[in-house]
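First the structure, in the form of structure tokens, and then the observations on it.
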Protein chains: 2
Amino acid sequence: MNLEFALIEKLQAILGKPSPRVIVGIGDDAAILQPPTGKLIATLDAMVEGVHFDLSFCTPQELGHKALAVNLSDIAAMGGEPTAALVSLGLRKEIPDSFVEEVYRGLHAEARSHGVDIVGGNVTGAREISIAITLLGQVQGKWLSRAGATVGNKVAVTGFLGASAAGLKGFKRLGKDALAAHHEVVQAHLLPQPRLAEGRALAETATSAIDISDGLANELFHLAEASKVGFLVDVKSLPISAATRKMAGLVGEDAVEWALQGGEDYELLFTFDPARQPELEKRFSALKSSFSVIGEVRPANERVMLKTAEGKTKPLVAKGWDHRAKR
Amino acid sequence: MNLEFALIEKLQAILGKPSPRVIVGIGDDAAILQPPTGKLIATLDAMVEGVHFDLSFCTPQELGHKALAVNLSDIAAMGGEPTAALVSLGLRKEIPDSFVEEVYRGLHAEARSHGVDIVGGNVTGAREISIAITLLGQVQGKWLSRAGATVGNKVAVTGFLGASAAGLKGFKRLGKDALAAHHEVVQAHLLPQPRLAEGRALAETATSAIDISDGLANELFHLAEASKVGFLVDVKSLPISAATRKMAGLVGEDAVEWALQGGEDYELLFTFDPARQPELEKRFSALKSSFSVIGEVRPANERVMLKTAEGKTKPLVAKGWDHRAKR
């Protein structure tokens with residue numbers, strides 16, 4: 001890892017005193033941490049300017065916040081508890097240190113609210129801004145993976161779908177100022193809420209899980225491939241908020257298409273044995289959270305099918321998020 | 001983390017069966033690993049096209065190999081033992097999957113030779129190629145950091161300095177073909193050898209350490225800042241190989257300047273109590289490795305000074321590696 005000394009001091013001031021878990025924190029060749037309780041969990045996600053974010057739509061603080069939230073969502077999908085993050089920034093030459101500080105203010109705010117220490121940083125030159133975060137954590141007891149869905153399970157999602165796409169489309173069509181009136185979908189796009197508590201509840205009760213970063217359709221295929229199953233999803237059961245429907249009407253797009261294909265909802269898609277539904281409802285109720293059953297697990301040879309509003313069954317096509325493509 | 005399923009299968013085939021340490025490996029939202037023995041160590045380093053590498057000089061395999069070696073060197077500098085790596089690739093749109101596979105072949109070769117599992121991968125679109133690696137590991141007993149050098153300690157380096165700069169300059173001036181005759185310096189640039197065994201020996205005996213990624217001068221300042229000391233380095237004692245001196249003569253540059261300011265040697269710079277020098281020599285001898293004492297630790301107010309070949313003392317200026325600048 002490399003950071004200039006003057007910057008290390010500024011970042012240490014922003015991050016404040018780390019938790020007792022941190023033995024050597026930001027500013028050395030590597031971080032040294034107390035070992036995890038239980039198993040060690042680790043994930044890595046990157047966001048690239050022009051692909052995943054646009055600084056005319058978000059502040060550097062929001063970028064930092066979201067970059068960490070995206071990784072927290074991956075830990076949530078495994079049923080883990082996050083502990084420490086390492087951050088690599090690629091920066092265009094003209095970007096000042098104050099930008100890095102703002103990104104770290106956003107990172108720190110999100111980290112602190114989830115009990116995470118920022119323990120390492122790296123800065124390199126680049127032609128476009130990028131932020132890659134590694135998030136470490138621990139898993140006690142059971143965990144979730146993409147494999148484990150079995151035929152007869154139900155498939156469900158936390159929260160609402162399509163809101164992030166609604167926020168992004170709103171930005172693009174209406175401009176930032178016009179969006180004060182659409183706070184809910186804008187927040188869903190800029191500052192997604194990782195479903196950590198839900199993930200830990202699911203670790204005890206669900207058979208598989210994945211976070212919805214690339215759109216529901218894409219993630220259904222990811223789950224199907226890893227679990228070697230198919231899915232039948234009922235379009236009428238997709239949870240879509242009133243605010244998302246309102247934005248769809250405003251910009252003349254289809255909210256159902258956003259729910260299926262829009263990326264970056266960062267909700268959890270999971271499967272469970274129907275016999276455990278009452279237990280799951282109780283756990284979610286205790287968290288003041290909710291989930292929606294959207295369909296069922298089918299044999300692999302049935303692929304991923306959609307029951308339309310007209311009651312017809314047709315193959316679902318994943319048009320969603322491509323991390324390699326420009327928006 | 002996100003990878004397309006077809007790519008996951010190809011990468012799993014390249015990586016083969018992971019060690020028993022890996023519970024959930026590449027291809028899920030996060031990796032799950034057995035907890036470390038001792039403390040957990042983690043580092044993150046990124047390499048960006050046009051800043052850290054040039055694909056007209058190196059193959060994708062060599063890129064993968066070096067990107068991991070750079071991170072291994074950070075773990076070496078703390079006296080740690082590497083265990084698992086996560087890899088984030090930024091790729092230009094036209095780059096095919098076969099490029100990713102080649103990078104992973106290089107990663108896997110270097111990982112296997114150090115007992116490391118590649119447990120996570122991510123691919124995003126970008127305007128330039130980049131590779132960010134997080135390396136995890138464990139530390140038993142003592143470890144090293146940049147802080148800990150005290151006045152009266154000696155300062156030393158492993159191996160030779162300036163060879164990587166010699167290899168890079170050779171490439172630039174003579175072209176790749178001409179360099180078959182300069183294998184030693186070319187290898188030093190393309191495939192640096194992380195000093196892991198030396199780092200673990202130093203953890204028991206040294207007072208501070210850092211790896212030389214940004215040039216000796218820069219790293220002396222990093223150590224000085226973290227340990228709140230100064231240094232006096234004798235230019236005559238810098239270990240410079242015959243091959244490096246030969247290349248300097250060939251391209252009309254100064255080998256001493258390469259040793260002081262050239263980046264990417266990935267040797268360890270460390271300090272130790274002179275009373276422990278015999279023990280240190282014994283440990284290095286057992287490893288069939290060597291180090292060179294290059295000077296001594298001085299009070300902070302003396303800053304970082306260089307004793308020239310003429311016996312004069314002058315302030316050392318760090319002109320070396322700037323991770324934000326293009327080469």
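Residues are named by chain letter and number: chains run A, B, ... in the order of the structure tokens, numbers start at 1 in each chain, and ligands are numbered from 1 in the order shown.
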
Got a sec to align chain A on chain B by every in-order Cα pair and hand back the fitted coordinates as a compact mmCIF listing (two decimals) with C-alpha atoms, in the first residue's frame?
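For reference, out_3.txt as written:
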# COMPACT_ATOMS: atom_id res chain seq x y z
CA MET A 1 -17.90 -9.27 -6.40
CA ASN A 2 -19.08 -9.97 -9.91
CA LEU A 3 -17.86 -12.24 -12.65
CA GLU A 4 -19.86 -13.71 -15.52
CA PHE A 5 -20.58 -17.38 -14.96
CA ALA A 6 -18.74 -18.56 -18.10
CA LEU A 7 -15.64 -16.74 -16.87
CA ILE A 8 -15.95 -18.12 -13.33
CA GLU A 9 -15.83 -21.65 -14.75
CA LYS A 10 -12.74 -20.86 -16.84
CA LEU A 11 -10.95 -19.26 -13.88
CA GLN A 12 -11.86 -22.14 -11.56
CA ALA A 13 -10.28 -24.50 -14.12
CA ILE A 14 -7.08 -22.41 -14.15
CA LEU A 15 -6.92 -22.11 -10.36
CA GLY A 16 -7.63 -25.80 -9.68
CA LYS A 17 -8.54 -27.13 -6.27
CA PRO A 18 -8.03 -24.57 -3.50
CA SER A 19 -6.38 -25.41 -0.18
CA PRO A 20 -8.49 -26.67 2.77
CA ARG A 21 -8.34 -23.08 4.08
CA VAL A 22 -10.94 -22.05 1.47
CA ILE A 23 -14.59 -22.71 2.38
CA VAL A 24 -16.21 -20.58 -0.35
CA GLY A 25 -13.84 -19.56 -3.15
CA ILE A 26 -14.00 -17.55 -6.35
CA GLY A 27 -17.43 -17.07 -7.91
CA ASP A 28 -19.66 -16.03 -5.01
CA ASP A 29 -20.54 -12.63 -3.47
CA ALA A 30 -17.67 -13.03 -1.01
CA ALA A 31 -15.06 -15.61 -0.05
CA ILE A 32 -15.28 -17.53 3.23
CA LEU A 33 -12.02 -18.76 4.72
CA GLN A 34 -10.77 -20.52 7.81
CA PRO A 35 -9.62 -17.84 10.27
CA PRO A 36 -5.89 -16.99 10.29
CA THR A 37 -3.44 -18.56 12.70
CA GLY A 38 -2.31 -15.61 14.80
CA LYS A 39 -3.18 -12.07 13.72
CA LEU A 40 -4.84 -11.20 10.41
CA ILE A 41 -2.77 -9.17 7.94
CA ALA A 42 -4.22 -7.43 4.87
CA THR A 43 -2.83 -5.22 2.13
CA LEU A 44 -4.10 -3.72 -1.12
CA ASP A 45 -2.08 -2.53 -4.12
CA ALA A 46 -3.10 -1.49 -7.59
CA MET A 47 -1.29 -1.29 -10.92
CA VAL A 48 -2.57 0.95 -13.70
CA GLU A 49 -1.72 0.76 -17.42
CA GLY A 50 0.58 3.62 -18.45
CA VAL A 51 1.54 4.30 -14.82
CA HIS A 52 2.80 0.95 -13.53
CA PHE A 53 2.94 -1.23 -16.63
CA ASP A 54 2.97 -1.21 -20.42
CA LEU A 55 1.63 -4.21 -22.31
CA SER A 56 4.19 -3.66 -25.06
CA PHE A 57 6.80 -4.60 -22.42
CA CYS A 58 5.03 -7.37 -20.53
CA THR A 59 2.64 -10.24 -21.26
CA PRO A 60 -0.71 -10.55 -19.43
CA GLN A 61 0.78 -13.52 -17.51
CA GLU A 62 3.71 -11.37 -16.39
CA LEU A 63 1.26 -8.65 -15.38
CA GLY A 64 -0.66 -11.08 -13.17
CA HIS A 65 2.53 -12.48 -11.71
CA LYS A 66 3.95 -9.03 -10.90
CA ALA A 67 0.70 -7.61 -9.51
CA LEU A 68 0.66 -10.41 -6.94
CA ALA A 69 4.42 -10.12 -6.25
CA VAL A 70 3.97 -6.42 -5.41
CA ASN A 71 1.40 -7.33 -2.76
CA LEU A 72 3.48 -10.24 -1.47
CA SER A 73 6.27 -7.71 -0.94
CA ASP A 74 3.99 -5.65 1.33
CA ILE A 75 3.20 -8.73 3.43
CA ALA A 76 6.94 -9.52 3.51
CA ALA A 77 7.68 -6.04 4.86
CA MET A 78 5.47 -6.76 7.88
CA GLY A 79 6.92 -10.22 8.51
CA GLY A 80 3.67 -11.92 7.54
CA GLU A 81 2.74 -15.12 5.76
CA PRO A 82 0.36 -14.68 2.79
CA THR A 83 -2.72 -16.90 2.50
CA ALA A 84 -5.39 -15.63 0.08
CA ALA A 85 -5.82 -13.01 -2.64
CA LEU A 86 -8.78 -11.17 -4.19
CA VAL A 87 -8.36 -9.63 -7.62
CA SER A 88 -10.18 -6.71 -9.24
CA LEU A 89 -9.57 -6.10 -12.94
CA GLY A 90 -10.51 -2.97 -14.86
CA LEU A 91 -10.59 -3.78 -18.57
CA ARG A 92 -10.92 -1.81 -21.76
CA LYS A 93 -13.98 -2.83 -23.73
CA GLU A 94 -12.15 -4.66 -26.50
CA ILE A 95 -10.13 -6.86 -24.10
CA PRO A 96 -11.27 -10.49 -24.49
CA ASP A 97 -11.84 -13.07 -21.74
CA SER A 98 -8.65 -14.81 -22.91
CA PHE A 99 -6.68 -11.83 -21.53
CA VAL A 100 -8.28 -12.36 -18.12
CA GLU A 101 -7.40 -16.05 -18.28
CA GLU A 102 -3.76 -15.22 -19.08
CA VAL A 103 -3.58 -12.76 -16.18
CA TYR A 104 -5.01 -15.48 -13.90
CA ARG A 105 -2.41 -18.00 -15.19
CA GLY A 106 0.30 -15.57 -14.06
CA LEU A 107 -1.47 -14.90 -10.76
CA HIS A 108 -1.93 -18.60 -10.14
CA ALA A 109 1.72 -19.48 -10.82
CA GLU A 110 2.96 -16.85 -8.37
CA ALA A 111 0.20 -17.66 -5.85
CA ARG A 112 0.93 -21.37 -5.86
CA SER A 113 4.64 -20.87 -5.31
CA HIS A 114 3.84 -18.92 -2.12
CA GLY A 115 0.98 -21.10 -0.84
CA VAL A 116 -1.65 -18.46 -1.66
CA ASP A 117 -5.24 -19.18 -2.80
CA ILE A 118 -6.96 -16.82 -5.27
CA VAL A 119 -10.38 -16.64 -3.61
CA GLY A 120 -12.21 -13.75 -5.27
CA GLY A 121 -12.45 -11.90 -8.54
CA ASN A 122 -14.17 -8.87 -9.98
CA VAL A 123 -14.18 -7.41 -13.51
CA THR A 124 -15.32 -3.91 -14.49
CA GLY A 125 -15.15 -1.85 -17.66
CA ALA A 126 -12.62 1.00 -17.78
CA ARG A 127 -10.73 3.18 -20.23
CA GLU A 128 -7.40 1.72 -19.17
CA ILE A 129 -6.39 -1.64 -17.79
CA SER A 130 -5.89 -1.85 -14.05
CA ILE A 131 -5.41 -4.61 -11.53
CA ALA A 132 -6.02 -4.15 -7.81
CA ILE A 133 -5.17 -7.03 -5.51
CA THR A 134 -5.97 -7.52 -1.88
CA LEU A 135 -3.72 -9.99 -0.18
CA LEU A 136 -4.61 -11.55 3.16
CA GLY A 137 -2.30 -13.41 5.46
CA GLN A 138 -1.39 -14.20 9.00
CA VAL A 139 1.29 -13.18 11.45
CA GLN A 140 2.49 -15.47 14.20
CA GLY A 141 4.44 -13.94 17.02
CA LYS A 142 6.21 -10.69 16.19
CA TRP A 143 5.65 -8.45 13.20
CA LEU A 144 7.27 -5.39 11.68
CA SER A 145 5.99 -1.94 10.90
CA ARG A 146 7.40 1.32 9.58
CA ALA A 147 7.55 2.66 13.13
CA GLY A 148 10.23 1.39 15.51
CA ALA A 149 13.60 2.56 14.15
CA THR A 150 15.64 4.20 16.93
CA VAL A 151 18.75 6.36 16.89
CA GLY A 152 21.85 4.17 16.80
CA ASN A 153 20.18 1.40 14.79
CA LYS A 154 21.78 0.39 11.53
CA VAL A 155 19.82 0.62 8.29
CA ALA A 156 20.12 -2.12 5.68
CA VAL A 157 18.55 -3.52 2.52
CA THR A 158 18.09 -7.03 1.16
CA GLY A 159 19.49 -7.99 -2.25
CA PHE A 160 20.44 -5.38 -4.84
CA LEU A 161 19.08 -1.95 -5.73
CA GLY A 162 18.43 -0.32 -9.09
CA ALA A 163 18.00 -3.54 -11.07
CA SER A 164 14.32 -2.92 -11.82
CA ALA A 165 15.10 0.58 -13.15
CA ALA A 166 17.90 -0.95 -15.23
CA GLY A 167 15.45 -3.45 -16.73
CA LEU A 168 12.86 -0.77 -17.47
CA LYS A 169 15.37 1.65 -19.01
CA GLY A 170 16.82 -1.23 -21.02
CA PHE A 171 13.36 -2.00 -22.40
CA LYS A 172 12.76 1.62 -23.31
CA ARG A 173 16.11 2.25 -24.95
CA LEU A 174 16.95 -1.10 -26.49
CA GLY A 175 13.56 -2.72 -27.13
CA LYS A 176 12.39 -6.10 -25.92
CA ASP A 177 14.40 -8.23 -28.35
CA ALA A 178 17.73 -6.67 -27.42
CA LEU A 179 17.10 -7.63 -23.81
CA ALA A 180 17.57 -11.37 -24.08
CA ALA A 181 21.16 -10.47 -23.30
CA HIS A 182 20.09 -8.67 -20.10
CA HIS A 183 17.97 -11.34 -18.49
CA GLU A 184 18.87 -10.48 -14.89
CA VAL A 185 17.70 -6.86 -14.87
CA VAL A 186 14.70 -7.62 -17.09
CA GLN A 187 13.58 -10.31 -14.67
CA ALA A 188 14.12 -7.93 -11.76
CA HIS A 189 11.70 -5.51 -13.42
CA LEU A 190 9.10 -7.97 -14.71
CA LEU A 191 9.10 -10.65 -12.04
CA PRO A 192 10.38 -9.25 -8.75
CA GLN A 193 10.97 -11.80 -5.99
CA PRO A 194 9.10 -10.87 -2.82
CA ARG A 195 11.30 -11.27 0.25
CA LEU A 196 8.86 -13.28 2.36
CA ALA A 197 11.33 -15.56 4.13
CA GLU A 198 13.60 -12.58 4.84
CA GLY A 199 10.62 -10.62 6.20
CA ARG A 200 9.79 -13.40 8.66
CA ALA A 201 13.43 -13.57 9.76
CA LEU A 202 13.42 -9.79 10.24
CA ALA A 203 10.20 -9.88 12.30
CA GLU A 204 12.24 -11.55 15.06
CA THR A 205 15.26 -9.28 14.84
CA ALA A 206 14.65 -5.91 13.13
CA THR A 207 13.17 -2.73 14.62
CA SER A 208 11.31 -1.47 11.52
CA ALA A 209 10.87 -2.37 7.86
CA ILE A 210 9.29 -1.20 4.60
CA ASP A 211 9.43 -2.62 1.09
CA ILE A 212 11.19 -0.61 -1.60
CA SER A 213 8.44 -0.03 -4.13
CA ASP A 214 8.96 3.71 -4.67
CA GLY A 215 12.75 3.94 -4.67
CA LEU A 216 15.15 3.82 -1.71
CA ALA A 217 15.09 7.61 -1.15
CA ASN A 218 11.29 7.72 -0.94
CA GLU A 219 11.16 4.75 1.42
CA LEU A 220 13.83 6.25 3.68
CA PHE A 221 11.54 9.27 4.07
CA HIS A 222 8.54 7.00 4.74
CA LEU A 223 10.48 5.15 7.47
CA ALA A 224 11.83 8.43 8.86
CA GLU A 225 8.34 9.91 9.10
CA ALA A 226 6.73 6.84 10.67
CA SER A 227 9.60 6.22 13.13
CA LYS A 228 10.30 9.94 13.75
CA VAL A 229 14.01 9.58 13.04
CA GLY A 230 16.59 10.67 10.46
CA PHE A 231 19.04 8.63 8.38
CA LEU A 232 22.62 8.91 7.19
CA VAL A 233 23.19 6.66 4.18
CA ASP A 234 26.62 6.00 2.67
CA VAL A 235 26.40 5.98 -1.12
CA LYS A 236 29.44 3.69 -1.36
CA SER A 237 27.62 0.95 0.52
CA LEU A 238 24.62 0.72 -1.84
CA PRO A 239 24.42 -2.82 -3.24
CA ILE A 240 24.35 -2.53 -7.03
CA SER A 241 24.80 -5.61 -9.21
CA ALA A 242 27.28 -5.87 -12.08
CA ALA A 243 24.36 -6.33 -14.50
CA THR A 244 22.79 -3.06 -13.33
CA ARG A 245 26.11 -1.20 -13.69
CA LYS A 246 26.53 -2.71 -17.15
CA MET A 247 23.09 -1.51 -18.28
CA ALA A 248 23.78 1.96 -16.84
CA GLY A 249 26.95 2.14 -18.90
CA LEU A 250 25.11 0.92 -21.99
CA VAL A 251 22.36 3.55 -21.83
CA GLY A 252 24.57 6.31 -20.40
CA GLU A 253 22.82 6.63 -17.03
CA ASP A 254 23.93 6.55 -13.41
CA ALA A 255 23.48 3.23 -11.56
CA VAL A 256 23.69 4.99 -8.18
CA GLU A 257 20.81 7.25 -9.18
CA TRP A 258 18.79 4.14 -10.11
CA ALA A 259 19.65 2.58 -6.72
CA LEU A 260 18.50 5.71 -4.88
CA GLN A 261 15.55 6.84 -6.97
CA GLY A 262 14.47 3.94 -9.22
CA GLY A 263 11.23 2.33 -8.13
CA GLU A 264 10.04 -1.27 -7.94
CA ASP A 265 13.04 -3.08 -6.51
CA TYR A 266 10.75 -4.78 -3.97
CA GLU A 267 13.66 -5.37 -1.65
CA LEU A 268 13.20 -4.77 2.08
CA LEU A 269 14.62 -1.68 3.77
CA PHE A 270 14.98 -2.27 7.51
CA THR A 271 16.63 -1.09 10.70
CA PHE A 272 18.15 -3.15 13.51
CA ASP A 273 20.06 -2.90 16.76
CA PRO A 274 23.78 -3.40 15.88
CA ALA A 275 24.09 -5.89 18.75
CA ARG A 276 21.84 -8.23 16.79
CA GLN A 277 23.82 -8.14 13.55
CA PRO A 278 25.47 -11.59 14.09
CA GLU A 279 22.05 -13.17 14.69
CA LEU A 280 20.67 -11.46 11.58
CA GLU A 281 23.60 -12.69 9.49
CA LYS A 282 23.05 -16.22 10.73
CA ARG A 283 19.34 -16.09 9.88
CA PHE A 284 20.02 -14.72 6.39
CA SER A 285 22.76 -17.24 5.82
CA ALA A 286 20.32 -20.04 6.66
CA LEU A 287 18.02 -18.62 3.97
CA LYS A 288 20.91 -18.39 1.48
CA SER A 289 20.08 -14.69 1.32
CA SER A 290 22.03 -11.55 2.10
CA PHE A 291 21.65 -7.96 3.21
CA SER A 292 23.83 -4.86 3.03
CA VAL A 293 24.20 -2.27 5.77
CA ILE A 294 23.83 1.10 4.02
CA GLY A 295 23.96 3.53 6.93
CA GLU A 296 22.62 4.40 10.35
CA VAL A 297 19.59 5.87 12.08
CA ARG A 298 20.08 9.48 13.20
CA PRO A 299 17.92 11.93 15.18
CA ALA A 300 14.86 13.27 13.35
CA ASN A 301 16.26 16.82 13.16
CA GLU A 302 19.15 15.58 10.99
CA ARG A 303 16.61 14.52 8.30
CA VAL A 304 17.74 12.08 5.61
CA MET A 305 21.36 12.66 4.59
CA LEU A 306 23.63 11.06 2.04
CA LYS A 307 27.39 10.59 2.40
CA THR A 308 28.69 10.99 -1.15
CA ALA A 309 31.51 9.05 -2.82
CA GLU A 310 33.71 12.07 -2.08
CA GLY A 311 32.95 11.76 1.63
CA LYS A 312 30.73 14.85 1.79
CA THR A 313 27.36 14.83 3.57
CA LYS A 314 24.36 16.34 1.78
CA PRO A 315 20.56 16.13 2.10
CA LEU A 316 19.02 13.27 0.15
CA VAL A 317 16.20 14.37 -2.14
CA ALA A 318 13.45 11.88 -2.99
CA LYS A 319 12.84 12.24 -6.71
CA GLY A 320 11.67 8.67 -7.04
CA TRP A 321 8.47 7.07 -7.88
CA ASP A 322 5.26 9.05 -8.04
CA HIS A 323 2.23 6.76 -8.27
CA ARG A 324 0.15 9.63 -9.58
CA ALA A 325 2.47 10.45 -12.53
CA LYS A 326 2.73 8.85 -15.95
CA ARG A 327 6.08 7.29 -16.72

Region 11-241 of chain A: which residues are alpha helix (DSSP H) by DSSP, as a VMD selection string? chain A and resid 11 to 15 60 to 78 97 to 113 163 to 174 183 to 190 196 to 205 216 to 227

Based on DSSP run over this structure's backbone, return all residues of region 243-294 of chain B in strand (DSSP E), as number ranges by chain. B: 268-272, 291-294

Would you save the residues of that selection, restricted to all heavy atoms, as a PDB file, in the first residue's frame?
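Done, and the output landed in result.pdb:
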ATOM      1  N   LEU B 268      13.610  -5.297   0.803  1.00  0.00           N
ATOM      2  CA  LEU B 268      13.195  -4.755   2.093  1.00  0.00           C
ATOM      3  C   LEU B 268      14.258  -3.793   2.617  1.00  0.00           C
ATOM      4  O   LEU B 268      15.461  -4.077   2.560  1.00  0.00           O
ATOM      5  CB  LEU B 268      12.973  -5.885   3.105  1.00  0.00           C
ATOM      6  CG  LEU B 268      11.910  -6.921   2.718  1.00  0.00           C
ATOM      7  CD1 LEU B 268      11.776  -7.971   3.828  1.00  0.00           C
ATOM      8  CD2 LEU B 268      10.565  -6.261   2.444  1.00  0.00           C
ATOM      9  N   LEU B 269      13.795  -2.663   3.090  1.00  0.00           N
ATOM     10  CA  LEU B 269      14.632  -1.676   3.779  1.00  0.00           C
ATOM     11  C   LEU B 269      14.298  -1.823   5.253  1.00  0.00           C
ATOM     12  O   LEU B 269      13.116  -1.785   5.615  1.00  0.00           O
ATOM     13  CB  LEU B 269      14.262  -0.277   3.267  1.00  0.00           C
ATOM     14  CG  LEU B 269      14.835   0.922   4.025  1.00  0.00           C
ATOM     15  CD1 LEU B 269      16.350   0.995   3.871  1.00  0.00           C
ATOM     16  CD2 LEU B 269      14.186   2.217   3.521  1.00  0.00           C
ATOM     17  N   PHE B 270      15.311  -2.011   6.100  1.00  0.00           N
ATOM     18  CA  PHE B 270      14.991  -2.258   7.514  1.00  0.00           C
ATOM     19  C   PHE B 270      16.068  -1.692   8.433  1.00  0.00           C
ATOM     20  O   PHE B 270      17.175  -1.362   8.002  1.00  0.00           O
ATOM     21  CB  PHE B 270      14.801  -3.767   7.764  1.00  0.00           C
ATOM     22  CG  PHE B 270      16.008  -4.614   7.437  1.00  0.00           C
ATOM     23  CD1 PHE B 270      16.911  -4.990   8.429  1.00  0.00           C
ATOM     24  CD2 PHE B 270      16.235  -5.046   6.132  1.00  0.00           C
ATOM     25  CE1 PHE B 270      18.015  -5.783   8.137  1.00  0.00           C
ATOM     26  CE2 PHE B 270      17.347  -5.831   5.829  1.00  0.00           C
ATOM     27  CZ  PHE B 270      18.239  -6.200   6.834  1.00  0.00           C
ATOM     28  N   THR B 271      15.709  -1.577   9.697  1.00  0.00           N
ATOM     29  CA  THR B 271      16.645  -1.089  10.705  1.00  0.00           C
ATOM     30  C   THR B 271      16.793  -2.142  11.793  1.00  0.00           C
ATOM     31  O   THR B 271      15.877  -2.929  12.030  1.00  0.00           O
ATOM     32  CB  THR B 271      16.128   0.216  11.343  1.00  0.00           C
ATOM     33  OG1 THR B 271      14.835  -0.029  11.920  1.00  0.00           O
ATOM     34  CG2 THR B 271      16.006   1.327  10.300  1.00  0.00           C
ATOM     35  N   PHE B 272      17.957  -2.146  12.437  1.00  0.00           N
ATOM     36  CA  PHE B 272      18.161  -3.134  13.507  1.00  0.00           C
ATOM     37  C   PHE B 272      19.201  -2.621  14.501  1.00  0.00           C
ATOM     38  O   PHE B 272      20.035  -1.773  14.190  1.00  0.00           O
ATOM     39  CB  PHE B 272      18.584  -4.490  12.922  1.00  0.00           C
ATOM     40  CG  PHE B 272      19.904  -4.453  12.185  1.00  0.00           C
ATOM     41  CD1 PHE B 272      21.094  -4.770  12.834  1.00  0.00           C
ATOM     42  CD2 PHE B 272      19.968  -4.075  10.836  1.00  0.00           C
ATOM     43  CE1 PHE B 272      22.301  -4.733  12.161  1.00  0.00           C
ATOM     44  CE2 PHE B 272      21.178  -4.031  10.162  1.00  0.00           C
ATOM     45  CZ  PHE B 272      22.348  -4.354  10.824  1.00  0.00           C
ATOM     46  N   PHE B 291      22.063  -9.355   3.075  1.00  0.00           N
ATOM     47  CA  PHE B 291      21.650  -7.954   3.203  1.00  0.00           C
ATOM     48  C   PHE B 291      22.899  -7.089   3.240  1.00  0.00           C
ATOM     49  O   PHE B 291      23.997  -7.584   3.492  1.00  0.00           O
ATOM     50  CB  PHE B 291      20.787  -7.758   4.455  1.00  0.00           C
ATOM     51  CG  PHE B 291      21.501  -8.001   5.750  1.00  0.00           C
ATOM     52  CD1 PHE B 291      22.145  -6.953   6.412  1.00  0.00           C
ATOM     53  CD2 PHE B 291      21.547  -9.267   6.320  1.00  0.00           C
ATOM     54  CE1 PHE B 291      22.804  -7.172   7.614  1.00  0.00           C
ATOM     55  CE2 PHE B 291      22.203  -9.498   7.518  1.00  0.00           C
ATOM     56  CZ  PHE B 291      22.846  -8.449   8.162  1.00  0.00           C
ATOM     57  N   SER B 292      22.728  -5.807   2.996  1.00  0.00           N
ATOM     58  CA  SER B 292      23.842  -4.863   3.027  1.00  0.00           C
ATOM     59  C   SER B 292      23.498  -3.715   3.965  1.00  0.00           C
ATOM     60  O   SER B 292      22.440  -3.095   3.815  1.00  0.00           O
ATOM     61  CB  SER B 292      24.082  -4.266   1.631  1.00  0.00           C
ATOM     62  OG  SER B 292      24.232  -5.284   0.670  1.00  0.00           O
ATOM     63  N   VAL B 293      24.384  -3.451   4.913  1.00  0.00           N
ATOM     64  CA  VAL B 293      24.208  -2.276   5.770  1.00  0.00           C
ATOM     65  C   VAL B 293      24.551  -1.040   4.931  1.00  0.00           C
ATOM     66  O   VAL B 293      25.607  -0.993   4.294  1.00  0.00           O
ATOM     67  CB  VAL B 293      25.123  -2.357   7.011  1.00  0.00           C
ATOM     68  CG1 VAL B 293      25.024  -1.072   7.838  1.00  0.00           C
ATOM     69  CG2 VAL B 293      24.741  -3.572   7.855  1.00  0.00           C
ATOM     70  N   ILE B 294      23.625  -0.087   4.878  1.00  0.00           N
ATOM     71  CA  ILE B 294      23.857   1.096   4.023  1.00  0.00           C
ATOM     72  C   ILE B 294      23.986   2.379   4.831  1.00  0.00           C
ATOM     73  O   ILE B 294      24.229   3.447   4.260  1.00  0.00           O
ATOM     74  CB  ILE B 294      22.729   1.261   2.967  1.00  0.00           C
ATOM     75  CG1 ILE B 294      21.368   1.461   3.659  1.00  0.00           C
ATOM     76  CG2 ILE B 294      22.700   0.056   2.016  1.00  0.00           C
ATOM     77  CD1 ILE B 294      20.270   1.927   2.693  1.00  0.00           C
TER      78      ILE B 294
END
